[in-house]
Amino acid sequence: MRRYESETVESPAPVKWKVPAGARTVPSREDPTGQLRSGLLVTPSAAPKELGDFPDMRIFVQVDESGPDALDRARNAVFKTDPFVTAMTLRDSTQAAGFSSIRTGLFFGAAAVLVLIGGSLFVSQLEQLRERRKLLSSLVAFGTKRSTLSLSVLWQTAVPIAVGLVLAAGAGVGLGAVLMSMAAQPVRIDWPSVLAMTGVGAGVVAAVTLLSLPPLLRLMRPDGLRTE
């Protein structure tokens, strides 16, 4: 029978140290990496001598990147201080210039499509107003408020664009979620872009409504009841 003996590595003995009574308590906050730091902040002179050196140290420096070669100068300063120190750049996210151009092109293309839809709605709105000239004059003659008829023009423009935006946003988000799931990436919705397209749609609705009001007010005059 053989007996195997394993060597155990002794852990360093704990160091007893009494926290000074005058030490201040401050609330903890997240560092630039998103981690919530806690513990004791002690200078090397105040720490117990048994702890030895402090090999792990992180320094966060905010650099003004508007200047020329700001990051390179910061790396050179770190290398001059200690060649063995690793300098890293901390960013929330980065975006390639090619993808930014594609994103901008898609946004302006979608905005142009909405403008074309608004132009088509404006033309169809004018045709409907001309066909309903006698009806509009009759409604005004019987006491219908002009504001009510103006709101009807607004709804006739707003409803189609709102329905189209909802369907387009739902289909786009669904397709994007499927593609991100296939790529094993977390699903994230670019809400600023969605809100921007919503703003463009609202602007198209407002423009078509304002352009349709002068013909509407002119067709609501009593002379619209005149027949030859």
# chains A, B, ... in the order shown; residues from 1 in each chain; ligands from 1
call {"tool": "residues_around", "arguments": {"residues": "Val63 (chain A)", "least_positions_apart": "4", "cutoff": "8 Å", "atoms": "only C-alpha atoms", "output": "number ranges by chain"}}
result
A: 70-71, 74
call {"tool": "residues_around", "arguments": {"residues": "Leu126 (chain A)", "least_positions_apart": "2", "cutoff": "12 Å", "atoms": "only C-alpha atoms", "output": "VMD selection string"}}
result
chain A and resid 119 to 124 128 to 133 153 156 to 157 208 to 209 211 to 216 218 to 219
call {"tool": "closest_residue", "arguments": {"among": "A:Val194, A:Val15, A:Leu139, A:Val205", "to": "Val159 (chain A)", "atoms": "only C-alpha atoms"}}
result
A:Val205
call {"tool": "select_by_dssp", "arguments": {"residues": "region 4-223 of chain A", "states": "alpha helix (DSSP H)", "output": "number ranges by chain"}}
result
A: 70-81, 97-131, 133-141, 146-182, 191-219
call {"tool": "residues_around", "arguments": {"residues": "region 19-26 of chain A", "least_positions_apart": "4", "cutoff": "12 Å", "atoms": "only C-alpha atoms", "output": "number ranges by chain"}}
result
A: 37-42, 46-48
call {"tool": "residues_around", "arguments": {"residues": "region 184-193 of chain A", "least_positions_apart": "5", "cutoff": "10 Å", "atoms": "only C-alpha atoms", "output": "list in words"}}
result
Arg103, Phe107, Val173, Gly176, Ala177, Val178, Leu179, Thr198 and Gly199 of chain A
call {"tool": "write_last_selection", "arguments": {"atoms": "all heavy atoms", "output": "PDB file, in the first residue's frame"}}
result
ATOM      1  N   ARG A 103     -25.560  54.424 -40.853  1.00  0.00           N
ATOM      2  CA  ARG A 103     -26.669  54.805 -39.970  1.00  0.00           C
ATOM      3  C   ARG A 103     -27.236  56.160 -40.357  1.00  0.00           C
ATOM      4  O   ARG A 103     -28.468  56.333 -40.419  1.00  0.00           O
ATOM      5  CB  ARG A 103     -26.158  54.829 -38.525  1.00  0.00           C
ATOM      6  CG  ARG A 103     -27.192  55.194 -37.500  1.00  0.00           C
ATOM      7  CD  ARG A 103     -26.558  55.179 -36.124  1.00  0.00           C
ATOM      8  NE  ARG A 103     -27.492  55.536 -35.095  1.00  0.00           N
ATOM      9  CZ  ARG A 103     -27.178  55.629 -33.808  1.00  0.00           C
ATOM     10  NH1 ARG A 103     -25.944  55.357 -33.422  1.00  0.00           N
ATOM     11  NH2 ARG A 103     -28.080  55.958 -32.911  1.00  0.00           N
ATOM     12  N   PHE A 107     -31.037  56.924 -41.890  1.00  0.00           N
ATOM     13  CA  PHE A 107     -31.937  57.879 -41.238  1.00  0.00           C
ATOM     14  C   PHE A 107     -32.478  58.889 -42.246  1.00  0.00           C
ATOM     15  O   PHE A 107     -33.696  59.151 -42.294  1.00  0.00           O
ATOM     16  CB  PHE A 107     -31.197  58.598 -40.109  1.00  0.00           C
ATOM     17  CG  PHE A 107     -32.000  59.699 -39.469  1.00  0.00           C
ATOM     18  CD1 PHE A 107     -33.008  59.393 -38.563  1.00  0.00           C
ATOM     19  CD2 PHE A 107     -31.751  61.026 -39.778  1.00  0.00           C
ATOM     20  CE1 PHE A 107     -33.751  60.397 -37.962  1.00  0.00           C
ATOM     21  CE2 PHE A 107     -32.498  62.036 -39.194  1.00  0.00           C
ATOM     22  CZ  PHE A 107     -33.498  61.718 -38.279  1.00  0.00           C
ATOM     23  N   VAL A 173     -37.868  46.482 -34.771  1.00  0.00           N
ATOM     24  CA  VAL A 173     -37.374  45.994 -33.477  1.00  0.00           C
ATOM     25  C   VAL A 173     -37.410  44.468 -33.430  1.00  0.00           C
ATOM     26  O   VAL A 173     -36.487  43.815 -32.926  1.00  0.00           O
ATOM     27  CB  VAL A 173     -38.201  46.608 -32.329  1.00  0.00           C
ATOM     28  CG1 VAL A 173     -37.853  45.949 -31.003  1.00  0.00           C
ATOM     29  CG2 VAL A 173     -37.950  48.106 -32.247  1.00  0.00           C
ATOM     30  N   GLY A 176     -34.585  43.154 -35.639  1.00  0.00           N
ATOM     31  CA  GLY A 176     -33.305  43.402 -34.974  1.00  0.00           C
ATOM     32  C   GLY A 176     -33.083  42.479 -33.791  1.00  0.00           C
ATOM     33  O   GLY A 176     -31.962  42.006 -33.568  1.00  0.00           O
ATOM     34  N   ALA A 177     -34.151  42.196 -33.029  1.00  0.00           N
ATOM     35  CA  ALA A 177     -34.017  41.289 -31.887  1.00  0.00           C
ATOM     36  C   ALA A 177     -33.666  39.876 -32.354  1.00  0.00           C
ATOM     37  O   ALA A 177     -32.847  39.190 -31.726  1.00  0.00           O
ATOM     38  CB  ALA A 177     -35.313  41.279 -31.088  1.00  0.00           C
ATOM     39  N   VAL A 178     -34.272  39.440 -33.463  1.00  0.00           N
ATOM     40  CA  VAL A 178     -33.950  38.106 -33.988  1.00  0.00           C
ATOM     41  C   VAL A 178     -32.489  38.042 -34.429  1.00  0.00           C
ATOM     42  O   VAL A 178     -31.773  37.071 -34.143  1.00  0.00           O
ATOM     43  CB  VAL A 178     -34.903  37.754 -35.150  1.00  0.00           C
ATOM     44  CG1 VAL A 178     -34.447  36.477 -35.845  1.00  0.00           C
ATOM     45  CG2 VAL A 178     -36.322  37.607 -34.637  1.00  0.00           C
ATOM     46  N   LEU A 179     -32.028  39.078 -35.129  1.00  0.00           N
ATOM     47  CA  LEU A 179     -30.638  39.082 -35.593  1.00  0.00           C
ATOM     48  C   LEU A 179     -29.655  39.139 -34.428  1.00  0.00           C
ATOM     49  O   LEU A 179     -28.623  38.443 -34.439  1.00  0.00           O
ATOM     50  CB  LEU A 179     -30.418  40.268 -36.537  1.00  0.00           C
ATOM     51  CG  LEU A 179     -31.173  40.221 -37.874  1.00  0.00           C
ATOM     52  CD1 LEU A 179     -30.931  41.498 -38.667  1.00  0.00           C
ATOM     53  CD2 LEU A 179     -30.738  39.012 -38.688  1.00  0.00           C
ATOM     54  N   THR A 198     -39.826  59.393 -34.947  1.00  0.00           N
ATOM     55  CA  THR A 198     -41.145  59.838 -34.494  1.00  0.00           C
ATOM     56  C   THR A 198     -41.291  61.346 -34.638  1.00  0.00           C
ATOM     57  O   THR A 198     -42.343  61.846 -35.039  1.00  0.00           O
ATOM     58  CB  THR A 198     -41.357  59.417 -33.038  1.00  0.00           C
ATOM     59  OG1 THR A 198     -41.183  57.999 -32.916  1.00  0.00           O
ATOM     60  CG2 THR A 198     -42.747  59.782 -32.571  1.00  0.00           C
ATOM     61  N   GLY A 199     -40.207  62.077 -34.334  1.00  0.00           N
ATOM     62  CA  GLY A 199     -40.243  63.524 -34.507  1.00  0.00           C
ATOM     63  C   GLY A 199     -40.390  63.930 -35.965  1.00  0.00           C
ATOM     64  O   GLY A 199     -41.104  64.891 -36.291  1.00  0.00           O
TER      65      GLY A 199
END
call {"tool": "closest_residue", "arguments": {"among": "A:Glu50, A:Gly201, A:Gly34, A:Asp72", "to": "Val166 (chain A)", "atoms": "only C-alpha atoms"}}
result
A:Gly201
call {"tool": "closest_residue", "arguments": {"among": "A:Ala158, A:Asp64, A:Thr33, A:Ile102", "to": "Ala206 (chain A)", "atoms": "only C-alpha atoms"}}
result
A:Ala158
call {"tool": "atom_distance", "arguments": {"atom1": "CA of Lys80 (chain A)", "atom2": "CA of Pro44 (chain A)"}}
result
22.8 Å
call {"tool": "atom_distance", "arguments": {"atom1": "CA of Ala110 (chain A)", "atom2": "CA of Pro160 (chain A)"}}
result
15.9 Å
call {"tool": "decode", "arguments": {"residues": "region 129-145 of chain A", "atoms": "all heavy atoms", "output": "mmCIF file, in the first residue's frame"}}
result
data_model
loop_
_atom_site.group_PDB
_atom_site.id
_atom_site.type_symbol
_atom_site.label_atom_id
_atom_site.label_comp_id
_atom_site.auth_asym_id
_atom_site.auth_seq_id
_atom_site.Cartn_x
_atom_site.Cartn_y
_atom_site.Cartn_z
ATOM 1 N N LEU A 129 -60.863 67.606 -50.400
ATOM 2 C CA LEU A 129 -61.484 68.873 -50.018
ATOM 3 C C LEU A 129 -62.265 69.478 -51.178
ATOM 4 O O LEU A 129 -63.359 70.046 -50.984
ATOM 5 C CB LEU A 129 -60.412 69.843 -49.522
ATOM 6 C CG LEU A 129 -59.742 69.493 -48.180
ATOM 7 C CD1 LEU A 129 -58.654 70.496 -47.844
ATOM 8 C CD2 LEU A 129 -60.767 69.425 -47.059
ATOM 9 N N ARG A 130 -61.738 69.380 -52.371
ATOM 10 C CA ARG A 130 -62.452 69.924 -53.526
ATOM 11 C C ARG A 130 -63.728 69.144 -53.799
ATOM 12 O O ARG A 130 -64.753 69.720 -54.184
ATOM 13 C CB ARG A 130 -61.541 69.889 -54.742
ATOM 14 C CG ARG A 130 -60.380 70.895 -54.658
ATOM 15 C CD ARG A 130 -59.459 70.748 -55.846
ATOM 16 N NE ARG A 130 -58.339 71.698 -55.746
ATOM 17 C CZ ARG A 130 -57.323 71.751 -56.619
ATOM 18 N NH1 ARG A 130 -57.306 70.896 -57.654
ATOM 19 N NH2 ARG A 130 -56.355 72.626 -56.450
ATOM 20 N N GLU A 131 -63.683 67.827 -53.614
ATOM 21 C CA GLU A 131 -64.874 67.032 -53.832
ATOM 22 C C GLU A 131 -65.949 67.290 -52.775
ATOM 23 O O GLU A 131 -67.145 67.146 -53.057
ATOM 24 C CB GLU A 131 -64.520 65.543 -53.835
ATOM 25 C CG GLU A 131 -63.644 65.120 -55.013
ATOM 26 C CD GLU A 131 -63.233 63.666 -54.919
ATOM 27 O OE1 GLU A 131 -63.583 63.021 -53.896
ATOM 28 O OE2 GLU A 131 -62.552 63.167 -55.850
ATOM 29 N N ARG A 132 -65.515 67.682 -51.572
ATOM 30 C CA ARG A 132 -66.457 67.925 -50.478
ATOM 31 C C ARG A 132 -66.700 69.414 -50.259
ATOM 32 O O ARG A 132 -67.019 69.834 -49.141
ATOM 33 C CB ARG A 132 -65.920 67.285 -49.198
ATOM 34 C CG ARG A 132 -65.714 65.791 -49.299
ATOM 35 C CD ARG A 132 -65.012 65.246 -48.071
ATOM 36 N NE ARG A 132 -64.752 63.811 -48.196
ATOM 37 C CZ ARG A 132 -64.075 63.105 -47.291
ATOM 38 N NH1 ARG A 132 -63.605 63.701 -46.204
ATOM 39 N NH2 ARG A 132 -63.880 61.815 -47.490
ATOM 40 N N ARG A 133 -66.574 70.178 -51.288
ATOM 41 C CA ARG A 133 -66.725 71.631 -51.144
ATOM 42 C C ARG A 133 -68.128 72.005 -50.672
ATOM 43 O O ARG A 133 -68.291 72.766 -49.712
ATOM 44 C CB ARG A 133 -66.419 72.291 -52.489
ATOM 45 C CG ARG A 133 -66.556 73.810 -52.477
ATOM 46 C CD ARG A 133 -66.165 74.372 -53.815
ATOM 47 N NE ARG A 133 -66.280 75.836 -53.808
ATOM 48 C CZ ARG A 133 -65.965 76.600 -54.860
ATOM 49 N NH1 ARG A 133 -65.520 76.035 -55.983
ATOM 50 N NH2 ARG A 133 -66.090 77.921 -54.766
ATOM 51 N N LYS A 134 -69.143 71.456 -51.312
ATOM 52 C CA LYS A 134 -70.513 71.772 -50.922
ATOM 53 C C LYS A 134 -70.824 71.232 -49.532
ATOM 54 O O LYS A 134 -71.537 71.865 -48.741
ATOM 55 C CB LYS A 134 -71.488 71.205 -51.942
ATOM 56 C CG LYS A 134 -71.382 71.851 -53.322
ATOM 57 C CD LYS A 134 -72.423 71.269 -54.260
ATOM 58 C CE LYS A 134 -72.324 71.927 -55.631
ATOM 59 N NZ LYS A 134 -73.351 71.400 -56.586
ATOM 60 N N LEU A 135 -70.307 70.041 -49.226
ATOM 61 C CA LEU A 135 -70.552 69.457 -47.910
ATOM 62 C C LEU A 135 -69.940 70.314 -46.811
ATOM 63 O O LEU A 135 -70.571 70.548 -45.767
ATOM 64 C CB LEU A 135 -69.993 68.041 -47.864
ATOM 65 C CG LEU A 135 -70.110 67.311 -46.518
ATOM 66 C CD1 LEU A 135 -71.564 67.170 -46.111
ATOM 67 C CD2 LEU A 135 -69.426 65.949 -46.598
ATOM 68 N N LEU A 136 -68.740 70.811 -47.020
ATOM 69 C CA LEU A 136 -68.080 71.661 -46.019
ATOM 70 C C LEU A 136 -68.841 72.965 -45.826
ATOM 71 O O LEU A 136 -69.049 73.425 -44.697
ATOM 72 C CB LEU A 136 -66.634 71.928 -46.441
ATOM 73 C CG LEU A 136 -65.692 70.720 -46.453
ATOM 74 C CD1 LEU A 136 -64.344 71.102 -47.038
ATOM 75 C CD2 LEU A 136 -65.515 70.151 -45.055
ATOM 76 N N SER A 137 -69.260 73.561 -46.924
ATOM 77 C CA SER A 137 -70.022 74.811 -46.806
ATOM 78 C C SER A 137 -71.346 74.579 -46.099
ATOM 79 O O SER A 137 -71.805 75.411 -45.298
ATOM 80 C CB SER A 137 -70.260 75.397 -48.197
ATOM 81 O OG SER A 137 -69.029 75.665 -48.839
ATOM 82 N N SER A 138 -71.978 73.446 -46.362
ATOM 83 C CA SER A 138 -73.246 73.131 -45.699
ATOM 84 C C SER A 138 -73.044 72.917 -44.199
ATOM 85 O O SER A 138 -73.855 73.375 -43.387
ATOM 86 C CB SER A 138 -73.876 71.885 -46.324
ATOM 87 O OG SER A 138 -74.101 72.070 -47.704
ATOM 88 N N LEU A 139 -71.984 72.242 -43.831
ATOM 89 C CA LEU A 139 -71.719 72.011 -42.407
ATOM 90 C C LEU A 139 -71.469 73.321 -41.666
ATOM 91 O O LEU A 139 -71.959 73.514 -40.541
ATOM 92 C CB LEU A 139 -70.508 71.082 -42.251
ATOM 93 C CG LEU A 139 -70.719 69.622 -42.674
ATOM 94 C CD1 LEU A 139 -69.411 68.859 -42.576
ATOM 95 C CD2 LEU A 139 -71.791 68.959 -41.815
ATOM 96 N N VAL A 140 -70.736 74.219 -42.294
ATOM 97 C CA VAL A 140 -70.482 75.519 -41.666
ATOM 98 C C VAL A 140 -71.770 76.322 -41.586
ATOM 99 O O VAL A 140 -72.041 77.018 -40.598
ATOM 100 C CB VAL A 140 -69.392 76.274 -42.445
ATOM 101 C CG1 VAL A 140 -69.213 77.687 -41.890
ATOM 102 C CG2 VAL A 140 -68.074 75.522 -42.362
ATOM 103 N N ALA A 141 -72.600 76.226 -42.615
ATOM 104 C CA ALA A 141 -73.865 76.968 -42.610
ATOM 105 C C ALA A 141 -74.797 76.473 -41.524
ATOM 106 O O ALA A 141 -75.586 77.260 -40.959
ATOM 107 C CB ALA A 141 -74.535 76.846 -43.976
ATOM 108 N N PHE A 142 -74.735 75.176 -41.186
ATOM 109 C CA PHE A 142 -75.586 74.627 -40.138
ATOM 110 C C PHE A 142 -74.967 74.749 -38.751
ATOM 111 O O PHE A 142 -75.507 74.194 -37.792
ATOM 112 C CB PHE A 142 -75.902 73.164 -40.429
ATOM 113 C CG PHE A 142 -76.987 72.976 -41.451
ATOM 114 C CD1 PHE A 142 -76.679 72.685 -42.764
ATOM 115 C CD2 PHE A 142 -78.322 73.117 -41.093
ATOM 116 C CE1 PHE A 142 -77.678 72.508 -43.709
ATOM 117 C CE2 PHE A 142 -79.327 72.941 -42.027
ATOM 118 C CZ PHE A 142 -79.008 72.646 -43.348
ATOM 119 N N GLY A 143 -73.844 75.435 -38.628
ATOM 120 C CA GLY A 143 -73.283 75.731 -37.306
ATOM 121 C C GLY A 143 -72.112 74.877 -36.880
ATOM 122 O O GLY A 143 -71.710 74.929 -35.705
ATOM 123 N N THR A 144 -71.552 74.076 -37.753
ATOM 124 C CA THR A 144 -70.370 73.278 -37.390
ATOM 125 C C THR A 144 -69.169 74.194 -37.207
ATOM 126 O O THR A 144 -68.918 75.093 -38.017
ATOM 127 C CB THR A 144 -70.065 72.236 -38.478
ATOM 128 O OG1 THR A 144 -71.227 71.439 -38.691
ATOM 129 C CG2 THR A 144 -68.914 71.345 -38.054
ATOM 130 N N LYS A 145 -68.423 73.980 -36.141
ATOM 131 C CA LYS A 145 -67.274 74.826 -35.860
ATOM 132 C C LYS A 145 -66.163 74.575 -36.882
ATOM 133 O O LYS A 145 -65.932 73.441 -37.307
ATOM 134 C CB LYS A 145 -66.743 74.552 -34.453
ATOM 135 C CG LYS A 145 -67.715 74.925 -33.354
ATOM 136 C CD LYS A 145 -67.093 74.662 -31.988
ATOM 137 C CE LYS A 145 -68.058 75.044 -30.871
ATOM 138 N NZ LYS A 145 -67.467 74.804 -29.525
#
